[in-house]
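Below is one structure, written out as structure tokens; comments come after it.
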Amino acid sequence: MAIDIDIPPLSSNLLDEARARLDGLTKPRGSLGALEGLAARCHAIRGGASPLVVAPATMFTVAADHGVARQDVSPYPQAVTGQMVRNFLEGGAAINALCAVAGMDMKVVDAGCACPPFAPHPMLVAMRLGYGTEDMTQGPAMSRAVAERAVEQGIGLARDAVGEGCACLGVGEMGIANSTAAAAVHCALLGLEPASVVGAGAGADAAMMARKAAVVERALAVNRMDGRRDPLDVLAAVGGFEIGVMCGIMLGGAAHGVPVLVDGFISTSACALGLAIRPGLSGYVLLSHVSAERGHAMVLQSLRDRFPELAPPLLDLGMRLGEGTGAAVAYVLVKCAAAVYNDMATFNGAGVSDSGRQTF
């Protein structure tokens with residue numbers, strides 16, 4: 001089975017149309033820097049509709065557990081995943097605070113936590129694929145069929161959100177040991193060395209980071225990932241349920257013409273899988289920030305070398321929490337870009353003289 005989804009290339013005509021409008025606004029051309037490029041990209045993603053609408057927006061924080069946690073790769077016990085999901089549902093996490101400020105709705109997706117099922121809650125999306133993945137150092141983290149189902153479920157979440165009027169999506173995650181799985185995905189897809197990609201995650205010290213790198217190497221070897229780049233095989237072998245669902249949300253958002261904000265290191269592994277499945281995704285995802293997690297800058301550069309349509313990350317704030325926090329902060333910039341595009345006067349309309357120069 002293959003993922004059945006169509007993502008059209010981003011329209012160069014719509015990008016040119018947006019740039020022409022931005023050049024006609026009452027400011028020196030290009031003076032709003034990256035906000036102008038962001039506005040143009042969002043205009044093209046949204047199909048050229050006027051005004052440019054990027055609200056309402058929904059953040060999907062996707063949670064799941066990982067069997068590789070048994071290899072002592074995190075300073076936190078696996079029970080923290082479920083505990084943090086409850087914290088999200090009670091409104092007490094950083095992502096809750098930042099979504100409230102940014103004006104994003106929030107959904108918490110249980111994609112496969114290793115704890116008893118959560119009580120029903122308006123924010124909760126229960127689509128558990130298992131009670132955590134298998135230990136990837138012993139064999140595949142999941143079957144290929146489950147990997148496909150994870151991506152398809154994510155596509156469905158995006159489709160439903162857009163169908164309910166959502167105009168922008170964000171993705172984030174929660175899962176003890178998921179930085180280890182994400183590092184393995186990056187290494188398998190991009191041919192990177194574990195020692196250069198593995199970072200502190202939730203706070204690993206130097207000895208734990210060395211152990212994480214060895215664990216990733218072992219998982220890649222056991223699952224014969226050397227030279228294998230089929231994205232669904234990679235997801236099945238060394239990925240996670242939440243990584244697959246986030247990948248699907250990105251693909252589904254792109255297919256339905258809404259921008260998707262990618263959070264940090266772990267969300268980027270889902271983006272890398274999505275790009276391998278459908279390279280056209282590169283025009284529709286917005287890299288929200290450069291994570292402080294070691295290896296993220298290298299991963300982003302590797303992806304941008306392979307997919308030139310990927311725009312540079314919007315922020316570099318030294319963040320590395322996950323949950324979708326960087327994406328929530330970046331959504332404020334998306335709203336600012338749309339406000340510039342929609343609400344500024346043109347030189348002609350305001351009776352302001354234009355210099356006629358193409359650059360300033």
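Residues in the structure tokens are named by chain (A, B, ... in the order shown) and by number from 1 within that chain; ligands are numbered from 1 in the order shown.
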
Problem - Residue neighbourhood range 28-37 of chain A, 12 Å, only C-alpha atoms, exclusion window fewer than 4 positions, as a ChimeraX atom specification - result: /A:15-16,18-24,41-44,286,310-315,330-342,346-347,352-360

Restrict the selected residues to C-alpha atoms and save them as an mmCIF file, in the first residue's frame.
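Contents of part02.cif, freshly written:
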```cif
data_model
loop_
_atom_site.group_PDB
_atom_site.id
_atom_site.type_symbol
_atom_site.label_atom_id
_atom_site.label_comp_id
_atom_site.auth_asym_id
_atom_site.auth_seq_id
_atom_site.Cartn_x
_atom_site.Cartn_y
_atom_site.Cartn_z
ATOM 1 C CA LEU A 15 4.005 33.882 -5.764
ATOM 2 C CA ASP A 16 4.686 36.549 -8.394
ATOM 3 C CA ALA A 18 1.823 38.275 -4.141
ATOM 4 C CA ARG A 19 5.238 39.875 -4.603
ATOM 5 C CA ALA A 20 3.749 42.447 -6.972
ATOM 6 C CA ARG A 21 1.137 43.392 -4.391
ATOM 7 C CA LEU A 22 3.735 43.595 -1.618
ATOM 8 C CA ASP A 23 5.918 45.835 -3.784
ATOM 9 C CA GLY A 24 2.958 48.191 -4.235
ATOM 10 C CA ARG A 41 4.186 31.918 0.373
ATOM 11 C CA CYS A 42 0.981 31.852 2.401
ATOM 12 C CA HIS A 43 -0.871 33.614 -0.450
ATOM 13 C CA ALA A 44 0.249 30.885 -2.854
ATOM 14 C CA LEU A 286 6.827 26.506 7.370
ATOM 15 C CA LEU A 310 11.899 24.843 1.700
ATOM 16 C CA ALA A 311 12.026 28.349 3.160
ATOM 17 C CA PRO A 312 14.532 29.045 5.953
ATOM 18 C CA PRO A 313 13.282 28.722 9.542
ATOM 19 C CA LEU A 314 11.459 31.757 10.864
ATOM 20 C CA LEU A 315 13.014 31.986 14.342
ATOM 21 C CA ALA A 330 5.917 31.358 14.799
ATOM 22 C CA TYR A 331 2.170 31.460 14.137
ATOM 23 C CA VAL A 332 2.196 35.032 15.449
ATOM 24 C CA LEU A 333 4.516 35.882 12.543
ATOM 25 C CA VAL A 334 2.134 34.203 10.102
ATOM 26 C CA LYS A 335 -0.677 36.410 11.369
ATOM 27 C CA CYS A 336 1.564 39.473 11.094
ATOM 28 C CA ALA A 337 2.451 38.584 7.505
ATOM 29 C CA ALA A 338 -1.228 38.213 6.611
ATOM 30 C CA ALA A 339 -2.045 41.550 8.266
ATOM 31 C CA VAL A 340 0.620 43.286 6.206
ATOM 32 C CA TYR A 341 -0.688 41.674 3.025
ATOM 33 C CA ASN A 342 -4.332 42.437 3.713
ATOM 34 C CA THR A 346 -1.027 50.758 -1.694
ATOM 35 C CA PHE A 347 0.919 53.767 -2.951
ATOM 36 C CA VAL A 352 1.774 58.349 -1.571
ATOM 37 C CA SER A 353 4.495 58.859 -4.170
ATOM 38 C CA ASP A 354 6.417 55.720 -5.127
ATOM 39 C CA SER A 355 10.108 56.045 -5.914
ATOM 40 C CA GLY A 356 9.728 53.544 -8.735
ATOM 41 C CA ARG A 357 12.873 51.717 -7.661
ATOM 42 C CA GLN A 358 12.848 47.953 -7.576
ATOM 43 C CA THR A 359 15.036 47.618 -4.499
ATOM 44 C CA PHE A 360 15.994 49.706 -1.494
#
```

Handout entry: 8 Å contact set for Gly274 in chain A, only C-alpha atoms, chain neighbours under 6 positions out, as a list in words
Key = Pro231, Cys247, Gly248, Met250, Leu251 and Leu281 of chain A

Exercise for the section: Would you list, as number ranges by chain, the residues of range 152-227 of chain A that end up in helix (DSSP H, G or I) under DSSP run on this structure's backbone? Expected result: A: 152-163, 178-190, 194-197, 206-222

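Distance annotation: of A:Ala181, A:Leu52, A:Ala94, A:Ala102, the residue with the minimal separation from Glu242 in chain A is A:Ala181; atom set is only C-alpha atoms.
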
Problem - Contact residues around Asp72 in chain A with only C-alpha atoms at 12 Å, ignoring same-chain residues under 3 positions, as a VMD selection string - result: chain A and resid 66 to 69 75 to 78 135 176 to 177 180 204 to 205 207 to 215

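For Ala276 in chain A, the list of residues within 9 Å, based on only C-alpha atoms and with local chain neighbours fewer than 2 positions off taken out, reads Leu189, Arg229, Asp230, Pro231, Cys271, Ala272, Leu273, Gly274, Arg278 and Pro279 of chain A.
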
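Using only C-alpha atoms, the shortest contact distance between His296 in chain A and any of A:Asp4, A:Asp316, A:Glu90, A:Glu148 is found at A:Asp316.
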
Problem - Residue set, range 61-274 of chain A restricted to strand (DSSP E), as an MDAnalysis selection string - result: chainID A and resid 61:64 104:112 124:126 168:174 260:262
